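Asks: File coords_11.tsv follows (TSV, C-alpha atoms):
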chain	number	residue	atom	x	y	z
G	263	MET	CA	2.19	13.37	-30.15
G	264	MET	CA	5.10	15.33	-28.71
G	265	SER	CA	8.42	16.46	-30.16
G	266	ASN	CA	11.59	18.10	-28.83
G	267	VAL	CA	10.99	16.50	-25.46
G	268	THR	CA	13.51	16.15	-22.66
G	269	ASP	CA	14.36	12.99	-20.75
G	270	ARG	CA	12.89	14.53	-17.62
G	271	GLU	CA	9.59	15.30	-19.31
G	272	MET	CA	9.32	11.76	-20.61
G	273	MET	CA	10.11	10.20	-17.26
G	274	SER	CA	7.52	12.45	-15.62
G	275	ARG	CA	5.02	11.17	-18.18
G	276	ALA	CA	6.04	7.58	-17.39
G	277	LEU	CA	5.53	8.21	-13.65
G	278	LYS	CA	2.00	9.48	-14.32
G	279	LEU	CA	1.32	6.30	-16.25
G	280	ALA	CA	2.72	4.19	-13.41
G	281	ALA	CA	0.25	5.81	-11.01
G	282	LYS	CA	-2.61	4.25	-13.01
G	283	GLY	CA	-1.55	0.80	-11.83
G	284	ARG	CA	-1.17	1.54	-8.13
G	285	PHE	CA	-4.56	0.04	-7.27
G	286	THR	CA	-4.21	-3.14	-9.33
G	287	SER	CA	-0.59	-4.16	-9.99
G	288	SER	CA	0.23	-5.82	-6.64
G	289	PRO	CA	2.12	-8.00	-5.87
G	290	ASN	CA	4.04	-6.63	-8.84
G	291	PRO	CA	5.39	-3.09	-8.76
G	292	THR	CA	3.49	-0.39	-10.58
G	293	VAL	CA	5.54	0.73	-13.59
G	294	GLY	CA	5.09	3.19	-16.42
G	295	CYS	CA	6.84	3.16	-19.79
G	296	VAL	CA	7.04	5.71	-22.60
G	297	ILE	CA	8.72	4.97	-25.95
G	298	THR	CA	9.94	7.70	-28.27
G	299	VAL	CA	11.38	7.68	-31.79
G	300	ASP	CA	13.15	10.83	-32.99
G	301	GLY	CA	11.80	12.71	-29.98
G	302	LYS	CA	8.17	11.76	-30.60
G	303	VAL	CA	6.05	9.57	-28.33
G	304	VAL	CA	5.03	6.44	-30.24
G	305	GLY	CA	3.95	4.13	-27.43
G	306	GLU	CA	3.19	4.05	-23.73
G	307	GLY	CA	1.78	1.73	-21.11
G	308	PHE	CA	1.61	0.77	-17.45
G	309	THR	CA	1.64	-2.48	-15.50
G	310	ARG	CA	-1.60	-4.45	-15.69
G	311	PRO	CA	-2.85	-6.82	-12.97
G	312	ALA	CA	-0.70	-9.84	-12.10
G	313	GLY	CA	-0.44	-12.19	-15.06
G	314	GLY	CA	-1.06	-9.36	-17.50
G	315	ASN	CA	1.38	-7.27	-19.47
G	316	HIS	CA	4.14	-5.31	-17.83
G	317	ALA	CA	4.46	-1.64	-18.75
G	318	GLU	CA	7.18	-2.22	-21.34
G	319	ILE	CA	5.10	-4.81	-23.22
G	320	GLU	CA	2.05	-2.53	-23.17
G	321	ALA	CA	4.13	0.31	-24.58
G	322	LEU	CA	5.77	-1.86	-27.27
G	323	GLN	CA	2.44	-3.28	-28.39
G	324	SER	CA	0.97	0.21	-28.75
G	325	ALA	CA	3.99	1.54	-30.67
G	326	GLY	CA	4.50	-0.63	-33.73
G	327	ASP	CA	8.01	-0.37	-35.19
G	328	VAL	CA	10.38	0.98	-32.53
G	329	THR	CA	13.73	0.40	-34.23
G	330	GLY	CA	16.15	3.01	-32.89
G	331	ALA	CA	13.77	4.05	-30.11
G	332	THR	CA	14.34	5.28	-26.54
G	333	ALA	CA	12.33	3.68	-23.75
G	334	TYR	CA	11.68	5.54	-20.49
G	335	VAL	CA	10.83	3.12	-17.69
G	336	THR	CA	10.12	3.99	-14.05
G	337	LEU	CA	11.65	0.73	-12.73
G	338	GLU	CA	14.43	-1.47	-14.06
G	339	PRO	CA	13.01	-3.88	-16.66
G	340	CYS	CA	12.68	-7.45	-15.43
G	341	CYS	CA	15.00	-10.11	-16.82
G	342	HIS	CA	13.43	-13.29	-15.44
G	343	GLN	CA	10.56	-15.54	-16.39
G	344	GLY	CA	7.52	-15.17	-14.15
G	345	LYS	CA	3.89	-15.24	-15.24
G	346	THR	CA	5.15	-13.19	-18.18
G	347	GLY	CA	8.44	-13.20	-20.07
G	348	PRO	CA	11.46	-10.96	-19.48
G	349	CYS	CA	10.89	-7.34	-20.50
G	350	THR	CA	14.59	-6.98	-21.28
G	351	ASP	CA	14.27	-9.61	-24.03
G	352	ALA	CA	11.28	-7.78	-25.51
G	353	LEU	CA	13.08	-4.42	-25.56
G	354	ILE	CA	16.17	-5.96	-27.16
G	355	ALA	CA	14.15	-7.85	-29.79
G	356	ALA	CA	12.16	-4.73	-30.67
G	357	GLY	CA	15.31	-2.78	-31.58
G	358	VAL	CA	15.28	-0.21	-28.78
G	359	VAL	CA	18.72	1.45	-28.65
G	360	ARG	CA	18.45	3.47	-25.42
G	361	VAL	CA	16.72	2.82	-22.10
G	362	VAL	CA	16.33	5.45	-19.38
G	363	VAL	CA	15.40	3.97	-16.00
G	364	ALA	CA	14.28	5.87	-12.91
G	365	CYS	CA	15.40	3.32	-10.29
G	366	GLU	CA	16.75	-0.18	-9.98
G	367	ASP	CA	14.49	-3.08	-9.03
G	368	PRO	CA	15.29	-4.43	-5.51
G	369	ASN	CA	13.83	-7.84	-6.36
G	370	PRO	CA	16.86	-10.19	-6.11
G	371	LYS	CA	15.73	-11.83	-9.36
G	372	VAL	CA	16.46	-8.50	-11.06
G	373	ALA	CA	18.58	-6.15	-8.87
G	374	GLY	CA	20.83	-4.79	-11.60
G	375	LEU	CA	20.67	-7.87	-13.81
G	376	GLY	CA	18.10	-6.24	-16.07
G	377	LEU	CA	20.36	-3.25	-16.72
G	378	ALA	CA	23.29	-5.60	-17.27
G	379	ALA	CA	21.33	-7.57	-19.88
G	380	LEU	CA	20.50	-4.39	-21.77
G	381	LEU	CA	24.12	-3.21	-21.70
G	382	ALA	CA	25.33	-6.61	-22.87
G	383	ALA	CA	23.02	-6.28	-25.89
G	384	GLY	CA	24.65	-2.97	-26.81
G	385	ILE	CA	21.80	-0.78	-25.56
G	386	GLU	CA	22.68	2.56	-24.00
G	387	VAL	CA	21.39	2.66	-20.41
G	388	GLN	CA	20.88	5.61	-18.05
G	389	SER	CA	19.64	5.08	-14.49
G	390	GLY	CA	18.57	7.38	-11.65
G	391	LEU	CA	16.38	9.98	-13.39
G	392	LEU	CA	13.61	11.08	-10.96
G	393	GLU	CA	14.61	8.20	-8.72
G	394	ASP	CA	13.00	9.58	-5.54
G	395	GLN	CA	9.60	9.91	-7.22
G	396	ALA	CA	9.90	6.41	-8.68
G	397	ARG	CA	10.84	4.89	-5.33
G	398	ASN	CA	7.93	6.67	-3.66
G	399	ILE	CA	5.34	5.26	-6.04
G	400	ASN	CA	6.67	1.76	-5.31
G	401	LYS	CA	7.54	2.31	-1.65
G	402	GLY	CA	5.71	-0.83	-0.55
G	403	PHE	CA	7.24	-3.10	-3.17
G	404	ILE	CA	10.70	-1.70	-2.45
G	405	LYS	CA	10.36	-2.04	1.32
G	406	ARG	CA	9.11	-5.61	0.99
G	407	HIS	CA	12.19	-6.61	-0.97
G	408	GLU	CA	14.71	-4.53	0.96
G	409	GLN	CA	13.44	-5.12	4.51
G	410	GLY	CA	11.13	-8.13	4.32
G	411	THR	CA	8.02	-6.31	5.55
G	412	PRO	CA	5.33	-4.29	3.76
G	413	TRP	CA	4.81	-0.55	3.99
G	414	VAL	CA	2.59	0.13	7.02
G	415	LEU	CA	0.05	2.95	6.76
G	416	VAL	CA	-1.99	3.68	9.89
G	417	LYS	CA	-5.24	5.53	9.25
G	418	MET	CA	-7.02	7.40	12.02
G	419	ALA	CA	-10.12	9.59	12.10
G	420	ALA	CA	-10.33	11.95	15.05
G	421	SER	CA	-12.04	14.99	16.44
G	422	LEU	CA	-10.07	18.21	16.64
G	423	ASP	CA	-9.12	17.36	20.22
G	424	GLY	CA	-7.65	14.03	19.12
G	425	ARG	CA	-10.47	11.68	20.11
G	426	THR	CA	-11.41	8.66	18.01
G	427	ALA	CA	-14.50	7.41	19.86
G	428	MET	CA	-16.71	8.25	22.79
G	429	ALA	CA	-16.09	6.53	26.12
G	430	SER	CA	-18.75	3.97	25.16
G	431	GLY	CA	-16.81	3.08	22.02
G	432	GLN	CA	-19.27	4.82	19.69
G	433	SER	CA	-17.36	6.18	16.69
G	434	GLN	CA	-19.73	6.33	13.72
G	435	TRP	CA	-19.42	8.82	12.24
G	436	ILE	CA	-16.57	11.18	13.10
G	437	THR	CA	-15.86	12.46	9.60
G	438	THR	CA	-18.07	13.47	6.69
G	439	PRO	CA	-18.90	11.31	3.63
G	440	PRO	CA	-16.18	12.87	1.41
G	441	ALA	CA	-13.50	11.86	3.92
G	442	ARG	CA	-14.93	8.37	4.25
G	443	GLN	CA	-14.91	8.07	0.45
G	444	ASP	CA	-11.29	9.17	0.45
G	445	VAL	CA	-10.51	6.30	2.84
G	446	GLN	CA	-11.83	3.95	0.18
G	447	ARG	CA	-8.98	5.08	-2.08
G	448	LEU	CA	-6.50	4.14	0.65
G	449	ARG	CA	-8.15	0.74	1.01
G	450	ALA	CA	-8.07	0.19	-2.74
G	451	ALA	CA	-4.33	0.86	-2.79
G	452	SER	CA	-3.68	-1.59	0.06
G	453	CYS	CA	-2.95	-5.30	-0.21
G	454	ALA	CA	-4.32	-5.93	3.28
G	455	ILE	CA	-6.37	-4.09	5.88
G	456	ILE	CA	-5.49	-4.88	9.49
G	457	THR	CA	-7.83	-4.36	12.40
G	458	GLY	CA	-8.01	-5.56	15.99
G	459	ILE	CA	-10.50	-7.76	17.73
G	460	GLY	CA	-11.73	-4.78	19.77
G	461	THR	CA	-12.81	-2.93	16.64
G	462	GLN	CA	-14.24	-6.09	15.15
G	463	LEU	CA	-16.39	-6.79	18.22
G	464	MET	CA	-17.50	-3.18	18.64
G	465	ASP	CA	-18.26	-2.24	15.01
G	466	ASP	CA	-18.48	-5.60	13.19
G	467	PRO	CA	-17.01	-3.93	10.08
G	468	SER	CA	-16.93	-5.33	6.55
G	469	LEU	CA	-13.60	-3.63	5.72
G	470	THR	CA	-14.34	-3.92	2.01
G	471	VAL	CA	-13.38	-1.56	-0.79
G	472	ARG	CA	-16.51	0.37	-1.74
G	473	ILE	CA	-15.21	2.43	-4.62
G	474	THR	CA	-15.27	1.49	-8.28
G	475	SER	CA	-12.62	1.42	-10.99
G	476	GLU	CA	-14.63	4.08	-12.80
G	477	GLU	CA	-14.52	6.38	-9.77
G	478	LEU	CA	-10.75	5.87	-9.58
G	479	GLY	CA	-10.34	6.51	-13.30
G	480	ILE	CA	-8.58	3.21	-14.01
G	481	PRO	CA	-9.33	0.54	-16.64
G	482	ASP	CA	-8.72	-2.61	-14.58
G	483	SER	CA	-11.01	-4.29	-12.05
G	484	LEU	CA	-10.31	-3.94	-8.34
G	485	GLN	CA	-9.76	-6.91	-6.06
G	486	GLN	CA	-10.85	-6.94	-2.44
G	487	PRO	CA	-7.80	-6.67	-0.15
G	488	LEU	CA	-7.00	-9.32	2.41
G	489	ARG	CA	-8.74	-8.45	5.70
G	490	VAL	CA	-6.69	-9.30	8.76
G	491	VAL	CA	-8.02	-9.46	12.32
G	492	VAL	CA	-5.48	-9.49	15.14
G	493	ASP	CA	-7.23	-11.69	17.71
G	494	SER	CA	-4.88	-13.19	20.29
G	495	GLN	CA	-7.65	-15.08	22.14
G	496	LEU	CA	-9.81	-15.99	19.13
G	497	GLN	CA	-12.85	-14.04	20.27
G	498	MET	CA	-14.11	-13.42	16.75
G	499	ALA	CA	-17.46	-15.08	16.03
G	500	ASP	CA	-18.01	-17.18	12.93
G	501	THR	CA	-20.99	-14.92	12.15
G	502	ALA	CA	-18.82	-11.80	11.73
G	503	ARG	CA	-19.97	-9.55	8.92
G	504	MET	CA	-16.66	-9.61	7.07
G	505	LEU	CA	-16.96	-13.37	6.67
G	506	GLN	CA	-20.10	-12.79	4.61
G	507	GLN	CA	-18.30	-10.48	2.13
G	508	LEU	CA	-16.31	-11.22	-0.99
G	509	GLY	CA	-12.57	-11.50	-0.48
G	510	PRO	CA	-10.30	-13.39	1.91
G	511	VAL	CA	-10.19	-13.02	5.70
G	512	LEU	CA	-7.14	-13.88	7.80
G	513	VAL	CA	-7.34	-14.18	11.58
G	514	ALA	CA	-4.01	-13.93	13.40
G	515	THR	CA	-3.84	-15.49	16.85
G	516	LEU	CA	-1.26	-16.76	19.33
G	517	ASP	CA	0.47	-20.04	18.71
G	518	ASP	CA	-1.17	-21.91	21.54
G	519	ALA	CA	-2.54	-25.45	21.50
G	520	SER	CA	-5.78	-24.29	23.16
G	521	GLN	CA	-6.51	-22.06	20.18
G	522	ARG	CA	-6.53	-24.87	17.62
G	523	GLU	CA	-9.97	-26.11	18.59
G	524	LYS	CA	-11.40	-22.58	18.63
G	525	ALA	CA	-10.05	-22.01	15.14
G	526	LYS	CA	-12.23	-24.70	13.58
G	527	ALA	CA	-15.41	-22.63	13.64
G	528	LEU	CA	-13.71	-19.72	11.91
G	529	THR	CA	-12.11	-21.89	9.25
G	530	ASN	CA	-15.46	-23.57	8.62
G	531	ALA	CA	-16.92	-20.08	8.11
G	532	GLY	CA	-14.32	-19.31	5.44
G	533	ALA	CA	-11.55	-17.58	7.38
G	534	GLU	CA	-7.92	-18.61	7.41
G	535	VAL	CA	-6.40	-18.76	10.89
G	536	ILE	CA	-2.66	-18.40	11.40
G	537	PHE	CA	-0.74	-18.93	14.63
G	538	LEU	CA	2.00	-16.46	15.47
G	539	PRO	CA	4.48	-16.06	18.33
G	540	ALA	CA	3.85	-13.71	21.24
G	541	LEU	CA	5.63	-10.49	22.04
G	542	GLY	CA	4.87	-10.10	25.71
G	543	PRO	CA	1.15	-10.83	26.17
G	544	HIS	CA	0.30	-9.93	22.58
G	545	ILE	CA	0.88	-11.14	19.04
G	546	ASP	CA	4.26	-10.26	17.57
G	547	LEU	CA	3.18	-7.70	14.99
G	548	ARG	CA	6.49	-7.81	13.14
G	549	ALA	CA	6.00	-11.55	12.68
G	550	LEU	CA	2.57	-10.78	11.22
G	551	LEU	CA	4.09	-8.28	8.79
G	552	VAL	CA	6.78	-10.75	7.73
G	553	THR	CA	4.02	-13.29	7.05
G	554	LEU	CA	2.08	-10.78	4.95
G	555	ALA	CA	5.20	-9.82	2.99
G	556	ALA	CA	5.82	-13.50	2.22
G	557	ARG	CA	2.31	-13.55	0.71
G	558	GLY	CA	3.21	-10.68	-1.62
G	559	CYS	CA	1.69	-7.79	0.34
G	560	ASN	CA	3.42	-4.54	-0.59
G	561	GLN	CA	1.35	-2.12	1.48
G	562	VAL	CA	-0.93	-2.75	4.44
G	563	MET	CA	-3.34	-0.36	6.07
G	564	VAL	CA	-4.11	-0.42	9.77
G	565	GLU	CA	-7.68	0.59	10.65
G	566	ALA	CA	-7.90	-0.09	14.34
G	567	GLY	CA	-8.48	1.39	17.75
G	568	ALA	CA	-6.00	3.03	20.08
G	569	GLY	CA	-4.59	-0.26	21.36
G	570	LEU	CA	-3.51	-1.91	18.11
G	571	ALA	CA	-2.67	1.36	16.37
G	572	GLY	CA	-0.57	2.36	19.36
G	573	ALA	CA	1.19	-1.00	19.30
G	574	PHE	CA	2.26	-0.54	15.68
G	575	VAL	CA	3.70	2.85	16.60
G	576	ALA	CA	5.33	1.67	19.84
G	577	GLU	CA	7.00	-1.29	18.13
G	578	GLY	CA	8.58	0.93	15.48
G	579	LEU	CA	6.47	-0.45	12.63
G	580	LEU	CA	4.82	2.76	11.42
G	581	ASP	CA	5.81	4.06	7.97
G	582	GLU	CA	2.99	6.48	7.28
G	583	LEU	CA	0.19	8.05	9.32
G	584	VAL	CA	-2.90	9.45	7.64
G	585	CYS	CA	-5.18	11.41	9.96
G	586	TYR	CA	-8.60	12.79	9.12
G	587	TRP	CA	-9.43	15.60	11.55
G	588	ALA	CA	-13.10	16.54	11.95
G	589	PRO	CA	-13.91	20.09	13.14
G	590	LYS	CA	-15.57	18.75	16.30
G	591	LEU	CA	-14.73	18.48	19.99
G	592	PHE	CA	-15.49	15.20	21.80
G	593	GLY	CA	-14.16	16.14	25.21
G	594	SER	CA	-11.76	14.62	27.72
G	595	ASP	CA	-13.84	11.52	28.47
G	596	ALA	CA	-13.65	10.31	24.87
G	597	ARG	CA	-10.99	7.84	23.72
G	598	ALA	CA	-7.54	8.96	22.62
G	599	MET	CA	-6.01	8.19	19.22
G	600	PHE	CA	-3.25	5.92	20.55
G	601	ASN	CA	-2.50	3.92	23.66
G	602	LEU	CA	1.08	5.12	23.66
G	603	PRO	CA	2.57	6.00	27.05
G	604	ILE	CA	4.99	8.90	26.60
G	605	ARG	CA	5.94	10.54	29.86
G	606	THR	CA	8.35	13.31	28.89
G	607	ILE	CA	8.45	15.87	26.11
G	608	ASP	CA	11.87	14.65	25.04
G	609	ALA	CA	10.46	11.15	24.49
G	610	HIS	CA	7.95	12.34	21.88
G	611	LEU	CA	7.69	10.77	18.44
G	612	ALA	CA	8.55	13.39	15.83
G	613	LEU	CA	6.58	13.33	12.57
G	614	SER	CA	7.04	15.20	9.31
G	615	VAL	CA	4.03	16.51	7.42
G	616	LYS	CA	4.09	15.26	3.83
G	617	ASP	CA	0.67	16.47	2.72
G	618	LEU	CA	-2.10	18.64	4.14
G	619	ARG	CA	-5.44	19.29	2.46
G	620	MET	CA	-9.17	19.68	2.97
G	621	ILE	CA	-11.42	16.73	2.18
G	622	GLY	CA	-14.92	18.12	2.35
G	623	GLU	CA	-15.21	19.74	5.79
G	624	ASP	CA	-12.41	17.60	7.24
G	625	ILE	CA	-8.64	18.01	7.23
G	626	ARG	CA	-6.43	15.19	5.95
G	627	VAL	CA	-2.83	15.16	7.12
G	628	THR	CA	-0.25	12.65	5.85
G	629	LEU	CA	2.80	12.26	8.09
G	630	TYR	CA	5.97	10.15	8.14
G	631	PRO	CA	7.97	9.37	11.28
G	632	ASP	CA	11.37	11.02	11.43
G	633	LYS	CA	14.21	8.83	10.17
G	634	ASP	CA	15.59	8.01	13.63
G	635	TYR	CA	12.24	6.49	14.71
Let me see the file written as structure tokens.

Replies:
Amino acid sequence: MMSNVTDREMMSRALKLAAKGRFTSSPNPTVGCVITVDGKVVGEGFTRPAGGNHAEIEALQSAGDVTGATAYVTLEPCCHQGKTGPCTDALIAAGVVRVVVACEDPNPKVAGLGLAALLAAGIEVQSGLLEDQARNINKGFIKRHEQGTPWVLVKMAASLDGRTAMASGQSQWITTPPARQDVQRLRAASCAIITGIGTQLMDDPSLTVRITSEELGIPDSLQQPLRVVVDSQLQMADTARMLQQLGPVLVATLDDASQREKAKALTNAGAEVIFLPALGPHIDLRALLVTLAARGCNQVMVEAGAGLAGAFVAEGLLDELVCYWAPKLFGSDARAMFNLPIRTIDAHLALSVKDLRMIGEDIRVTLYPDKDY
């Protein structure tokens, strides 16, 4: 138990709690809640998997009597009936007298209405404490509601000279086991993993999450993310390895009458095939992202070759780039990271380094495109 705490300390504690749900809360946001009475922590919780308790309910249930309490919540409490009831009603009924919120919920079903409901009940409300940190932990959920597309993370593994495969296409393995295990954490935090037909044909990957809840230090079970293959000509075989794994597979192809017959074999093998418009000779990737957002995907991860990865960058769809650099040289004949024609220095894409660390013998760099991208 803690006493003489500050609002900032309690919101920091709530943000740490929220992080526990980042692998399992989707399509809901991941939220943390701390409840104090007379400056002492009496209850806390975080969002459980969809259909389970929200953070506020978890905290209230762990607290007992909270009459006169302050609740610290990383996202505006919901005020609508979904799979669970409104958290605003629960806070009001419990006798909470003050609610400190990090950021407002962009979901149009909430979007300020939750704060209004609390104020109307006579509860003191403060909003905006550690807002940037709270928005960052829910960046996918927020982007989906504000822009209609999920957060797009592109993951690449490369040699020190920026090569992702040999000229033959051979790419296993560039990085060491610790880096590959770290990638499993990225997969676990993603609602969908997107790859291209070139990678699927070359590597026949499973694209499954191969890390456990215990290894992640979380109490809830992981679900396999949706695996998406961008396949404009429906070249994927119905014997593909990923079709033999647990979890759904979505194949995105062009909306062409000739593709309908080809799709039958894949659907019979358990895949879902969707037909999307073209952008030039290829699938409109923004249309794919809009489709995934409509299915509740907050964050997607692109694990693909230079062609598809380069297309996400070229079309202005990149939100985050995570590169694993191996201390190796593959030489000039090996394949580049991106098919991305840039012919002058002034035309470069500027990136900002957000994180840099060693993962085993490899270097992991997390970068965001500059705001005018």

Asks: Measuring atom to atom with only C-alpha atoms, identify which of G:Ala525, G:Leu415, G:Ala576, G:Val361 is nearest to G:Leu629.

Replies: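 Result for the nearest residue to G:Leu629: G:Leu415.
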
Asks: Would you kindly return, as a list of chain:residue names, each protein, DNA or RNA residue with an atom no farther than 7 Å from any atom of stretch 394-399 of chain G, considering only C-alpha atoms and excluding same-chain residues fewer than 6 positions away?

Replies: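 Non-adjacent residues within range: G:Leu277, G:Thr336, G:Ala364, G:Cys365.
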
Asks: If we draw a sphere of 12 Å around (-15.2, 17.0, 27.1), which residues have at least one atom in it when counting all atoms listed in the file? Please report them as a list of chain:residue names.

Replies: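 Output: G:Ser421, G:Leu422, G:Asp423, G:Gly424, G:Arg425, G:Met428, G:Ala429, G:Lys590, G:Leu591, G:Phe592, G:Gly593, G:Ser594, G:Asp595, G:Ala596, G:Arg597, G:Ala598.
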
Asks: Between atom CA of G:Val584 and atom CA of G:Val490, what is the spacing in Å?

Replies: 19.2 Å

Asks: Work out how far apart atom CA of G:Asp632 and atom CA of G:Cys585 are and give it in Å to one decimal.

Replies: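 The value is 16.6 Å.
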
Asks: Pick the closest to G:Lys633 from G:Leu377, G:Leu516, G:Leu611, G:Ala427: which is it, counting all atoms listed in the file?

Replies: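 Checking each candidate against G:Lys633, we get G:Leu611 as the closest.
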
Asks: Can you list, as a list of chain:residue names, every protein, DNA or RNA residue that comes within 10 Å of G:Pro631 when you count all atoms listed in the file, leaving out same-chain residues fewer than 4 positions away?

Replies: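 Returned residues: G:Val575, G:Gly578, G:Leu580, G:Asp581, G:Glu582, G:Leu583, G:Leu611, G:Ala612, G:Leu613, G:Ser614, G:Val615, G:Tyr635.
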
Asks: Generate the coordinates of N, CA, C and O atoms for stretch 452-467 of chain G; report them as an mmCIF file, in the coordinates of the input.

Replies:
data_model
loop_
_atom_site.group_PDB
_atom_site.id
_atom_site.type_symbol
_atom_site.label_atom_id
_atom_site.label_comp_id
_atom_site.auth_asym_id
_atom_site.auth_seq_id
_atom_site.Cartn_x
_atom_site.Cartn_y
_atom_site.Cartn_z
ATOM 1 N N SER G 452 -4.306 -0.731 -0.941
ATOM 2 C CA SER G 452 -3.680 -1.590 0.060
ATOM 3 C C SER G 452 -3.874 -3.062 -0.282
ATOM 4 O O SER G 452 -4.935 -3.462 -0.770
ATOM 5 N N CYS G 453 -2.836 -3.855 -0.010
ATOM 6 C CA CYS G 453 -2.950 -5.300 -0.210
ATOM 7 C C CYS G 453 -3.717 -5.958 0.921
ATOM 8 O O CYS G 453 -4.350 -7.003 0.732
ATOM 9 N N ALA G 454 -3.638 -5.371 2.108
ATOM 10 C CA ALA G 454 -4.320 -5.930 3.280
ATOM 11 C C ALA G 454 -4.768 -4.800 4.180
ATOM 12 O O ALA G 454 -4.122 -3.742 4.251
ATOM 13 N N ILE G 455 -5.869 -5.026 4.861
ATOM 14 C CA ILE G 455 -6.370 -4.090 5.880
ATOM 15 C C ILE G 455 -6.340 -4.832 7.206
ATOM 16 O O ILE G 455 -6.915 -5.923 7.338
ATOM 17 N N ILE G 456 -5.662 -4.241 8.181
ATOM 18 C CA ILE G 456 -5.490 -4.880 9.490
ATOM 19 C C ILE G 456 -6.336 -4.158 10.521
ATOM 20 O O ILE G 456 -6.299 -2.930 10.635
ATOM 21 N N THR G 457 -7.084 -4.926 11.287
ATOM 22 C CA THR G 457 -7.830 -4.360 12.400
ATOM 23 C C THR G 457 -7.650 -5.264 13.616
ATOM 24 O O THR G 457 -7.102 -6.365 13.515
ATOM 25 N N GLY G 458 -8.119 -4.786 14.755
ATOM 26 C CA GLY G 458 -8.010 -5.560 15.990
ATOM 27 C C GLY G 458 -9.333 -6.154 16.393
ATOM 28 O O GLY G 458 -10.399 -5.751 15.911
ATOM 29 N N ILE G 459 -9.274 -7.091 17.292
ATOM 30 C CA ILE G 459 -10.500 -7.760 17.730
ATOM 31 C C ILE G 459 -11.430 -6.781 18.448
ATOM 32 O O ILE G 459 -12.656 -6.914 18.359
ATOM 33 N N GLY G 460 -10.878 -5.760 19.101
ATOM 34 C CA GLY G 460 -11.730 -4.780 19.770
ATOM 35 C C GLY G 460 -12.616 -4.049 18.782
ATOM 36 O O GLY G 460 -13.829 -3.903 19.005
ATOM 37 N N THR G 461 -12.034 -3.598 17.691
ATOM 38 C CA THR G 461 -12.810 -2.930 16.640
ATOM 39 C C THR G 461 -13.789 -3.891 16.000
ATOM 40 O O THR G 461 -14.943 -3.534 15.717
ATOM 41 N N GLN G 462 -13.359 -5.115 15.781
ATOM 42 C CA GLN G 462 -14.240 -6.090 15.150
ATOM 43 C C GLN G 462 -15.473 -6.354 16.026
ATOM 44 O O GLN G 462 -16.599 -6.387 15.526
ATOM 45 N N LEU G 463 -15.264 -6.512 17.322
ATOM 46 C CA LEU G 463 -16.390 -6.790 18.220
ATOM 47 C C LEU G 463 -17.298 -5.580 18.386
ATOM 48 O O LEU G 463 -18.519 -5.723 18.489
ATOM 49 N N MET G 464 -16.702 -4.389 18.416
ATOM 50 C CA MET G 464 -17.500 -3.180 18.640
ATOM 51 C C MET G 464 -18.290 -2.791 17.393
ATOM 52 O O MET G 464 -19.489 -2.512 17.455
ATOM 53 N N ASP G 465 -17.629 -2.779 16.223
ATOM 54 C CA ASP G 465 -18.260 -2.240 15.010
ATOM 55 C C ASP G 465 -18.717 -3.302 14.019
ATOM 56 O O ASP G 465 -19.499 -2.993 13.125
ATOM 57 N N ASP G 466 -18.201 -4.531 14.147
ATOM 58 C CA ASP G 466 -18.480 -5.600 13.190
ATOM 59 C C ASP G 466 -18.342 -5.088 11.753
ATOM 60 O O ASP G 466 -19.271 -5.173 10.943
ATOM 61 N N PRO G 467 -17.169 -4.563 11.395
ATOM 62 C CA PRO G 467 -17.010 -3.930 10.080
ATOM 63 C C PRO G 467 -16.867 -4.957 8.958
ATOM 64 O O PRO G 467 -16.467 -6.101 9.172
#
